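Text of the file start.txt, holding compact mmCIF, N, CA and C atoms:
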# COMPACT_ATOMS: atom_id res chain seq x y z
N MET A 1 3.93 154.56 204.30
CA MET A 1 3.13 154.55 205.52
C MET A 1 4.07 154.50 206.73
N PRO A 2 3.93 155.38 207.66
CA PRO A 2 4.86 155.43 208.80
C PRO A 2 4.56 154.34 209.82
N PHE A 3 5.55 154.11 210.68
CA PHE A 3 5.36 153.16 211.78
C PHE A 3 4.40 153.76 212.81
N ILE A 4 3.82 152.90 213.62
CA ILE A 4 2.95 153.33 214.70
C ILE A 4 3.85 153.82 215.84
N ARG A 5 3.69 155.07 216.24
CA ARG A 5 4.57 155.64 217.25
C ARG A 5 3.85 156.33 218.39
N SER A 6 2.76 156.98 218.12
CA SER A 6 2.14 157.81 219.16
C SER A 6 1.41 156.95 220.18
N ASP A 7 1.31 157.49 221.40
CA ASP A 7 0.56 156.80 222.45
C ASP A 7 -0.87 156.53 222.00
N GLU A 8 -1.48 157.50 221.33
CA GLU A 8 -2.86 157.35 220.87
C GLU A 8 -3.01 156.18 219.90
N GLU A 9 -2.08 156.08 218.94
CA GLU A 9 -2.13 154.99 217.96
C GLU A 9 -1.91 153.63 218.63
N ILE A 10 -0.94 153.56 219.52
CA ILE A 10 -0.64 152.30 220.21
C ILE A 10 -1.81 151.90 221.10
N ARG A 11 -2.37 152.84 221.83
CA ARG A 11 -3.52 152.55 222.69
C ARG A 11 -4.68 152.02 221.85
N LYS A 12 -4.94 152.64 220.71
CA LYS A 12 -6.03 152.21 219.84
C LYS A 12 -5.83 150.77 219.36
N ILE A 13 -4.61 150.44 218.97
CA ILE A 13 -4.31 149.06 218.55
C ILE A 13 -4.56 148.10 219.70
N LEU A 14 -4.05 148.42 220.87
CA LEU A 14 -4.22 147.53 222.02
C LEU A 14 -5.69 147.38 222.40
N GLN A 15 -6.44 148.46 222.35
CA GLN A 15 -7.86 148.40 222.73
C GLN A 15 -8.71 147.67 221.70
N ASN A 16 -8.30 147.70 220.44
CA ASN A 16 -9.09 147.08 219.37
C ASN A 16 -8.60 145.70 218.96
N SER A 17 -7.68 145.14 219.71
CA SER A 17 -7.12 143.83 219.40
C SER A 17 -7.44 142.87 220.54
N ARG A 18 -7.66 141.62 220.20
CA ARG A 18 -7.95 140.61 221.22
C ARG A 18 -7.01 139.42 221.18
N THR A 19 -6.47 139.10 220.01
CA THR A 19 -5.62 137.91 219.90
C THR A 19 -4.19 138.30 219.54
N VAL A 20 -3.25 137.71 220.26
CA VAL A 20 -1.83 137.99 220.05
C VAL A 20 -1.11 136.67 219.81
N ALA A 21 -0.38 136.59 218.71
CA ALA A 21 0.49 135.45 218.44
C ALA A 21 1.92 135.86 218.74
N VAL A 22 2.59 135.09 219.58
CA VAL A 22 3.97 135.38 219.95
C VAL A 22 4.89 134.49 219.12
N ILE A 23 5.63 135.11 218.20
CA ILE A 23 6.58 134.39 217.35
C ILE A 23 7.92 134.34 218.07
N GLY A 24 8.41 133.12 218.31
CA GLY A 24 9.66 132.96 219.05
C GLY A 24 9.41 132.78 220.54
N ALA A 25 8.23 132.28 220.88
CA ALA A 25 7.86 132.07 222.29
C ALA A 25 8.83 131.09 222.95
N SER A 26 8.99 131.25 224.26
CA SER A 26 9.88 130.37 225.03
C SER A 26 9.12 129.72 226.18
N THR A 27 9.54 128.53 226.52
CA THR A 27 9.01 127.85 227.70
C THR A 27 9.81 128.20 228.95
N ASP A 28 10.88 128.98 228.80
CA ASP A 28 11.76 129.38 229.91
C ASP A 28 11.21 130.65 230.56
N PRO A 29 10.74 130.56 231.82
CA PRO A 29 10.12 131.73 232.46
C PRO A 29 11.07 132.91 232.67
N TYR A 30 12.37 132.72 232.46
CA TYR A 30 13.33 133.81 232.63
C TYR A 30 13.61 134.56 231.33
N ARG A 31 12.99 134.12 230.24
CA ARG A 31 13.20 134.80 228.95
C ARG A 31 12.07 135.79 228.69
N PRO A 32 12.40 136.94 228.08
CA PRO A 32 11.36 137.91 227.75
C PRO A 32 10.23 137.32 226.91
N SER A 33 10.54 136.35 226.06
CA SER A 33 9.51 135.75 225.20
C SER A 33 8.57 134.84 225.99
N PHE A 34 8.78 134.72 227.30
CA PHE A 34 7.84 134.06 228.20
C PHE A 34 7.16 135.09 229.11
N PHE A 35 7.96 135.94 229.77
CA PHE A 35 7.35 136.82 230.77
C PHE A 35 6.64 138.05 230.19
N VAL A 36 7.02 138.49 229.00
CA VAL A 36 6.27 139.58 228.36
C VAL A 36 4.85 139.10 228.03
N PRO A 37 4.69 137.94 227.37
CA PRO A 37 3.32 137.46 227.11
C PRO A 37 2.52 137.18 228.39
N LEU A 38 3.19 136.80 229.45
CA LEU A 38 2.50 136.58 230.73
C LEU A 38 1.78 137.86 231.16
N VAL A 39 2.47 139.00 231.07
CA VAL A 39 1.88 140.28 231.45
C VAL A 39 0.80 140.68 230.43
N VAL A 40 1.09 140.53 229.15
CA VAL A 40 0.12 140.90 228.12
C VAL A 40 -1.18 140.10 228.30
N LYS A 41 -1.05 138.82 228.59
CA LYS A 41 -2.23 137.97 228.81
C LYS A 41 -3.07 138.48 229.98
N SER A 42 -2.41 139.03 230.98
CA SER A 42 -3.14 139.53 232.16
C SER A 42 -4.04 140.72 231.82
N TYR A 43 -3.86 141.32 230.64
CA TYR A 43 -4.71 142.42 230.20
C TYR A 43 -5.90 141.93 229.36
N GLY A 44 -6.12 140.62 229.36
CA GLY A 44 -7.29 140.05 228.72
C GLY A 44 -7.11 139.60 227.29
N PHE A 45 -5.88 139.62 226.79
CA PHE A 45 -5.63 139.17 225.43
C PHE A 45 -5.63 137.64 225.36
N SER A 46 -6.19 137.10 224.29
CA SER A 46 -6.04 135.68 223.98
C SER A 46 -4.67 135.52 223.36
N MET A 47 -3.92 134.55 223.85
CA MET A 47 -2.54 134.37 223.40
C MET A 47 -2.39 133.05 222.68
N CYS A 48 -1.52 133.04 221.66
CA CYS A 48 -1.06 131.79 221.08
C CYS A 48 0.44 131.93 220.84
N PHE A 49 1.09 130.82 220.73
CA PHE A 49 2.55 130.82 220.72
C PHE A 49 3.07 130.01 219.54
N VAL A 50 4.13 130.55 218.92
CA VAL A 50 4.72 129.94 217.74
C VAL A 50 6.22 129.81 217.94
N ASN A 51 6.69 128.56 217.85
CA ASN A 51 8.12 128.28 217.90
C ASN A 51 8.31 126.83 217.49
N PRO A 52 8.92 126.58 216.32
CA PRO A 52 9.08 125.19 215.87
C PRO A 52 9.90 124.34 216.84
N ASN A 53 10.76 124.97 217.63
CA ASN A 53 11.58 124.22 218.60
C ASN A 53 10.78 123.77 219.82
N CYS A 54 9.61 124.34 220.03
CA CYS A 54 8.77 124.01 221.19
C CYS A 54 7.42 123.45 220.76
N GLU A 55 7.28 123.09 219.49
CA GLU A 55 5.98 122.64 218.96
C GLU A 55 5.39 121.53 219.83
N GLY A 56 4.11 121.67 220.13
CA GLY A 56 3.40 120.68 220.92
C GLY A 56 3.50 120.87 222.42
N GLN A 57 4.44 121.69 222.86
CA GLN A 57 4.56 121.99 224.29
C GLN A 57 3.53 123.08 224.63
N GLU A 58 3.52 123.50 225.87
CA GLU A 58 2.61 124.56 226.28
C GLU A 58 3.37 125.73 226.88
N VAL A 59 2.86 126.93 226.62
CA VAL A 59 3.32 128.15 227.26
C VAL A 59 2.07 128.82 227.82
N LEU A 60 2.08 129.12 229.11
CA LEU A 60 0.94 129.76 229.78
C LEU A 60 -0.37 129.03 229.50
N GLY A 61 -0.28 127.70 229.46
CA GLY A 61 -1.47 126.88 229.27
C GLY A 61 -1.97 126.79 227.84
N GLU A 62 -1.22 127.33 226.89
CA GLU A 62 -1.61 127.32 225.48
C GLU A 62 -0.62 126.49 224.67
N ARG A 63 -1.14 125.77 223.70
CA ARG A 63 -0.32 124.96 222.81
C ARG A 63 0.64 125.84 222.00
N VAL A 64 1.84 125.33 221.77
CA VAL A 64 2.82 126.02 220.91
C VAL A 64 2.74 125.40 219.51
N TYR A 65 2.58 126.26 218.52
CA TYR A 65 2.50 125.83 217.13
C TYR A 65 3.86 126.00 216.46
N ALA A 66 4.11 125.22 215.41
CA ALA A 66 5.37 125.32 214.67
C ALA A 66 5.41 126.56 213.79
N THR A 67 4.26 126.93 213.21
CA THR A 67 4.19 128.08 212.32
C THR A 67 2.93 128.88 212.61
N LEU A 68 2.94 130.11 212.19
CA LEU A 68 1.77 130.97 212.36
C LEU A 68 0.58 130.43 211.57
N GLN A 69 0.83 129.81 210.42
CA GLN A 69 -0.26 129.28 209.61
C GLN A 69 -1.03 128.17 210.32
N GLU A 70 -0.41 127.47 211.25
CA GLU A 70 -1.07 126.39 211.97
C GLU A 70 -2.05 126.89 213.03
N VAL A 71 -1.96 128.15 213.40
CA VAL A 71 -2.88 128.71 214.38
C VAL A 71 -4.28 128.70 213.76
N PRO A 72 -5.26 128.06 214.41
CA PRO A 72 -6.55 127.83 213.77
C PRO A 72 -7.55 128.99 213.85
N TYR A 73 -7.11 130.16 214.22
CA TYR A 73 -8.02 131.30 214.31
C TYR A 73 -7.30 132.57 213.88
N GLU A 74 -8.08 133.63 213.73
CA GLU A 74 -7.56 134.92 213.27
C GLU A 74 -6.68 135.56 214.35
N ILE A 75 -5.66 136.24 213.90
CA ILE A 75 -4.70 136.91 214.80
C ILE A 75 -4.79 138.41 214.56
N ASP A 76 -4.83 139.18 215.64
CA ASP A 76 -4.82 140.64 215.52
C ASP A 76 -3.39 141.20 215.53
N ILE A 77 -2.58 140.73 216.48
CA ILE A 77 -1.20 141.24 216.64
C ILE A 77 -0.23 140.07 216.60
N VAL A 78 0.82 140.20 215.81
CA VAL A 78 1.94 139.26 215.84
C VAL A 78 3.05 139.95 216.60
N ASP A 79 3.39 139.40 217.76
CA ASP A 79 4.43 139.95 218.63
C ASP A 79 5.71 139.17 218.37
N VAL A 80 6.74 139.86 217.86
CA VAL A 80 7.94 139.20 217.35
C VAL A 80 9.06 139.18 218.38
N PHE A 81 9.53 137.97 218.68
CA PHE A 81 10.68 137.73 219.54
C PHE A 81 11.70 136.88 218.78
N ARG A 82 12.07 137.33 217.59
CA ARG A 82 13.07 136.64 216.78
C ARG A 82 14.17 137.63 216.43
N ARG A 83 15.32 137.09 216.07
CA ARG A 83 16.43 137.96 215.67
C ARG A 83 16.07 138.73 214.40
N PRO A 84 16.66 139.91 214.24
CA PRO A 84 16.38 140.68 213.02
C PRO A 84 16.65 139.90 211.73
N SER A 85 17.60 138.98 211.77
CA SER A 85 17.90 138.18 210.57
C SER A 85 16.75 137.25 210.18
N ALA A 86 15.82 137.00 211.08
CA ALA A 86 14.66 136.13 210.79
C ALA A 86 13.44 136.94 210.34
N ALA A 87 13.58 138.25 210.23
CA ALA A 87 12.42 139.11 209.94
C ALA A 87 11.78 138.80 208.59
N ASP A 88 12.56 138.44 207.58
CA ASP A 88 11.98 138.09 206.28
C ASP A 88 11.04 136.89 206.41
N GLN A 89 11.47 135.89 207.15
CA GLN A 89 10.65 134.69 207.37
C GLN A 89 9.38 135.05 208.14
N VAL A 90 9.54 135.87 209.18
CA VAL A 90 8.38 136.31 209.96
C VAL A 90 7.40 137.07 209.07
N ALA A 91 7.92 137.96 208.23
CA ALA A 91 7.07 138.75 207.34
C ALA A 91 6.28 137.85 206.39
N GLU A 92 6.90 136.81 205.87
CA GLU A 92 6.19 135.90 204.97
C GLU A 92 5.06 135.19 205.71
N GLU A 93 5.31 134.79 206.94
CA GLU A 93 4.25 134.15 207.74
C GLU A 93 3.11 135.13 208.00
N VAL A 94 3.46 136.37 208.34
CA VAL A 94 2.44 137.39 208.61
C VAL A 94 1.61 137.65 207.36
N ARG A 95 2.26 137.78 206.22
CA ARG A 95 1.53 138.03 204.97
C ARG A 95 0.57 136.88 204.68
N SER A 96 1.03 135.67 204.90
CA SER A 96 0.22 134.49 204.62
C SER A 96 -0.97 134.37 205.57
N LYS A 97 -0.75 134.72 206.84
CA LYS A 97 -1.80 134.60 207.86
C LYS A 97 -2.76 135.80 207.83
N GLY A 98 -2.22 136.98 207.55
CA GLY A 98 -3.08 138.15 207.44
C GLY A 98 -3.39 138.86 208.74
N ALA A 99 -2.46 138.94 209.66
CA ALA A 99 -2.67 139.71 210.89
C ALA A 99 -2.73 141.19 210.56
N LYS A 100 -3.29 141.98 211.49
CA LYS A 100 -3.42 143.43 211.27
C LYS A 100 -2.17 144.19 211.68
N THR A 101 -1.53 143.73 212.77
CA THR A 101 -0.42 144.48 213.36
C THR A 101 0.77 143.55 213.57
N VAL A 102 1.96 144.07 213.25
CA VAL A 102 3.21 143.37 213.53
C VAL A 102 3.96 144.21 214.54
N TRP A 103 4.28 143.61 215.69
CA TRP A 103 4.93 144.33 216.79
C TRP A 103 6.32 143.75 216.98
N PHE A 104 7.33 144.50 216.55
CA PHE A 104 8.72 144.07 216.71
C PHE A 104 9.21 144.53 218.08
N GLN A 105 9.43 143.57 218.98
CA GLN A 105 9.95 143.87 220.31
C GLN A 105 11.34 144.52 220.18
N PRO A 106 11.75 145.31 221.18
CA PRO A 106 13.08 145.92 221.12
C PRO A 106 14.17 144.87 220.87
N GLY A 107 15.02 145.15 219.90
CA GLY A 107 16.11 144.24 219.56
C GLY A 107 15.77 143.25 218.46
N THR A 108 14.50 143.22 218.03
CA THR A 108 14.10 142.28 216.98
C THR A 108 13.91 142.98 215.64
N GLU A 109 14.04 144.28 215.62
CA GLU A 109 13.70 145.08 214.45
C GLU A 109 14.65 144.85 213.29
N ASN A 110 14.06 144.66 212.12
CA ASN A 110 14.77 144.74 210.86
C ASN A 110 14.03 145.85 210.12
N MET A 111 14.63 147.01 210.05
CA MET A 111 13.91 148.19 209.58
C MET A 111 13.46 148.07 208.12
N ASP A 112 14.23 147.38 207.29
CA ASP A 112 13.81 147.21 205.90
C ASP A 112 12.53 146.38 205.82
N VAL A 113 12.48 145.30 206.59
CA VAL A 113 11.29 144.44 206.59
C VAL A 113 10.11 145.18 207.23
N ALA A 114 10.37 145.87 208.32
CA ALA A 114 9.31 146.63 209.00
C ALA A 114 8.73 147.68 208.05
N GLU A 115 9.59 148.36 207.33
CA GLU A 115 9.13 149.38 206.38
C GLU A 115 8.31 148.75 205.26
N ALA A 116 8.75 147.61 204.75
CA ALA A 116 8.00 146.93 203.69
C ALA A 116 6.61 146.53 204.18
N LEU A 117 6.53 145.97 205.39
CA LEU A 117 5.22 145.59 205.95
C LEU A 117 4.32 146.81 206.13
N SER A 118 4.91 147.90 206.61
CA SER A 118 4.15 149.13 206.78
C SER A 118 3.62 149.63 205.44
N ASN A 119 4.46 149.60 204.42
CA ASN A 119 4.06 150.04 203.08
C ASN A 119 2.97 149.15 202.48
N GLU A 120 2.89 147.90 202.95
CA GLU A 120 1.87 146.96 202.48
C GLU A 120 0.55 147.12 203.24
N GLY A 121 0.53 148.03 204.23
CA GLY A 121 -0.72 148.31 204.92
C GLY A 121 -0.85 147.69 206.31
N PHE A 122 0.17 147.00 206.76
CA PHE A 122 0.14 146.47 208.12
C PHE A 122 0.45 147.59 209.10
N ASN A 123 -0.16 147.53 210.29
CA ASN A 123 0.29 148.39 211.39
C ASN A 123 1.60 147.81 211.87
N VAL A 124 2.62 148.62 212.01
CA VAL A 124 3.93 148.12 212.44
C VAL A 124 4.40 148.97 213.62
N VAL A 125 4.71 148.27 214.72
CA VAL A 125 5.27 148.91 215.91
C VAL A 125 6.70 148.41 216.05
N VAL A 126 7.65 149.34 216.19
CA VAL A 126 9.06 148.96 216.36
C VAL A 126 9.62 149.63 217.60
N GLY A 127 10.43 148.88 218.33
CA GLY A 127 11.18 149.45 219.44
C GLY A 127 10.41 149.69 220.72
N ASN A 128 9.16 149.25 220.78
CA ASN A 128 8.37 149.39 222.00
C ASN A 128 8.07 147.99 222.53
N CYS A 129 8.14 147.82 223.83
CA CYS A 129 7.80 146.55 224.44
C CYS A 129 6.29 146.49 224.67
N MET A 130 5.66 145.44 224.20
CA MET A 130 4.21 145.33 224.35
C MET A 130 3.80 145.28 225.82
N LYS A 131 4.59 144.63 226.64
CA LYS A 131 4.30 144.57 228.09
C LYS A 131 4.30 145.97 228.69
N VAL A 132 5.31 146.75 228.38
CA VAL A 132 5.44 148.12 228.89
C VAL A 132 4.28 148.97 228.41
N GLU A 133 3.93 148.84 227.13
CA GLU A 133 2.85 149.67 226.57
C GLU A 133 1.50 149.27 227.15
N CYS A 134 1.27 147.99 227.40
CA CYS A 134 0.01 147.58 228.08
C CYS A 134 -0.07 148.21 229.46
N ARG A 135 1.01 148.13 230.20
CA ARG A 135 1.02 148.70 231.56
C ARG A 135 0.83 150.21 231.54
N ARG A 136 1.40 150.86 230.55
CA ARG A 136 1.39 152.32 230.47
C ARG A 136 0.08 152.87 229.93
N LEU A 137 -0.52 152.16 228.95
CA LEU A 137 -1.63 152.76 228.21
C LEU A 137 -2.99 152.10 228.47
N LEU A 138 -3.02 150.93 229.09
CA LEU A 138 -4.31 150.27 229.32
C LEU A 138 -4.74 150.37 230.77

The structure in this file should be written as structure tokens.
Amino acid sequence: MPFIRSDEEIRKILQNSRTVAVIGASTDPYRPSFFVPLVVKSYGFSMCFVNPNCEGQEVLGERVYATLQEVPYEIDIVDVFRRPSAADQVAEEVRSKGAKTVWFQPGTENMDVAEALSNEGFNVVVGNCMKVECRRLL
């Protein structure tokens, strides 16, 4: 199964998704893992944040969870802000939680893991910034 690449496919995912979990969220407003979700949230998405180092704190008024499994509701998109070396761990959390789409932000891609997730039936976006795509396509 190929990665999601076309504008039409990305637009469809964005239009049909409402909840986004940010893996590797930051409380630092100067980090992409803070300001990208800020823009994405402005497009009407419900956001939740996952980072064991920030557990219990808040990002954009939302509680930060230690793991994706702790999020008490269904997730449509998992937006990844972790190093490529953490992709196996992220994939296990995604498989366990059952999100529809895994979005690897630029620089976070582990192509072997992304390909495995795609082959398992997940929508996988690699190399595109969710903030940029929201601005461009919504």

Might you pull out every residue within 8 Å of Glu109 of chain A, with all atoms listed in the file counted and same-chain residues fewer than 2 positions away left off, and present them as a CSV table (one decimal) with N, CA and C atoms, keeping the file's coordinate frame?
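Generated output (result_33.csv):
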chain,number,residue,atom,x,y,z
A,80,VAL,N,6.7,139.9,217.9
A,80,VAL,CA,7.9,139.2,217.4
A,80,VAL,C,9.1,139.2,218.4
A,82,ARG,N,12.1,137.3,217.6
A,82,ARG,CA,13.1,136.6,216.8
A,82,ARG,C,14.2,137.6,216.4
A,83,ARG,N,15.3,137.1,216.1
A,83,ARG,CA,16.4,138.0,215.7
A,83,ARG,C,16.1,138.7,214.4
A,84,PRO,N,16.7,139.9,214.2
A,84,PRO,CA,16.4,140.7,213.0
A,84,PRO,C,16.6,139.9,211.7
A,85,SER,N,17.6,139.0,211.8
A,85,SER,CA,17.9,138.2,210.6
A,85,SER,C,16.8,137.2,210.2
A,87,ALA,N,13.6,138.2,210.2
A,87,ALA,CA,12.4,139.1,209.9
A,87,ALA,C,11.8,138.8,208.6
A,103,TRP,N,4.3,143.6,215.7
A,103,TRP,CA,4.9,144.3,216.8
A,103,TRP,C,6.3,143.8,217.0
A,104,PHE,N,7.3,144.5,216.6
A,104,PHE,CA,8.7,144.1,216.7
A,104,PHE,C,9.2,144.5,218.1
A,105,GLN,N,9.4,143.6,219.0
A,105,GLN,CA,10.0,143.9,220.3
A,105,GLN,C,11.3,144.5,220.2
A,106,PRO,N,11.8,145.3,221.2
A,106,PRO,CA,13.1,145.9,221.1
A,106,PRO,C,14.2,144.9,220.9
A,107,GLY,N,15.0,145.2,219.9
A,107,GLY,CA,16.1,144.2,219.6
A,107,GLY,C,15.8,143.2,218.5
A,111,MET,N,14.6,147.0,210.0
A,111,MET,CA,13.9,148.2,209.6
A,111,MET,C,13.5,148.1,208.1
A,112,ASP,N,14.2,147.4,207.3
A,112,ASP,CA,13.8,147.2,205.9
A,112,ASP,C,12.5,146.4,205.8
A,113,VAL,N,12.5,145.3,206.6
A,113,VAL,CA,11.3,144.4,206.6
A,113,VAL,C,10.1,145.2,207.2
A,114,ALA,N,10.4,145.9,208.3
A,114,ALA,CA,9.3,146.6,209.0
A,114,ALA,C,8.7,147.7,208.0
A,125,VAL,N,4.7,148.3,214.7
A,125,VAL,CA,5.3,148.9,215.9
A,125,VAL,C,6.7,148.4,216.0
A,126,VAL,N,7.6,149.3,216.2
A,126,VAL,CA,9.1,149.0,216.4
A,126,VAL,C,9.6,149.6,217.6
A,127,GLY,N,10.4,148.9,218.3
A,127,GLY,CA,11.2,149.4,219.4
A,127,GLY,C,10.4,149.7,220.7

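Those residues that approach segment 88-101 of chain A to within 7 Å, counting all atoms listed in the file, are Leu68, Gln69, Glu74, Ile75, Asp76, Ile77, Val78, Asp79, Val113, Gly121, Phe122, Asn123, Val124 and Val125 of chain A; same-chain residues fewer than 6 positions away are not listed.
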
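Compared by their closest atoms to Glu58 of chain A, and using only N, CA and C atoms, the residues A:Ser26, A:Ser6, A:Val39, A:Ser118 rank with A:Ser26 nearest.
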
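If you look at atom C of Cys48 of chain A and atom CA of Pro2 of chain A, they are 26.8 Å away from each other.
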
Considering only helix (DSSP H, G or I) as DSSP defines it on the backbone, what residues of chain A qualify? List them as an MDAnalysis selection string. chainID A and resid 7:15 32:41 52:54 68:70 84:97 111:119 130:137

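Every residue of chain A found in strand (DSSP E) when DSSP is run on the backbone appears here: Thr19, Val20, Ala21, Val22, Ile23, Ser46, Met47, Cys48, Phe49, Val50, Glu58, Val59, Glu62, Arg63, Val64, Tyr65, Ile77, Val78, Asp79, Val80, Thr101, Val102, Trp103, Phe104, Asn123, Val124, Val125 and Val126 of chain A.
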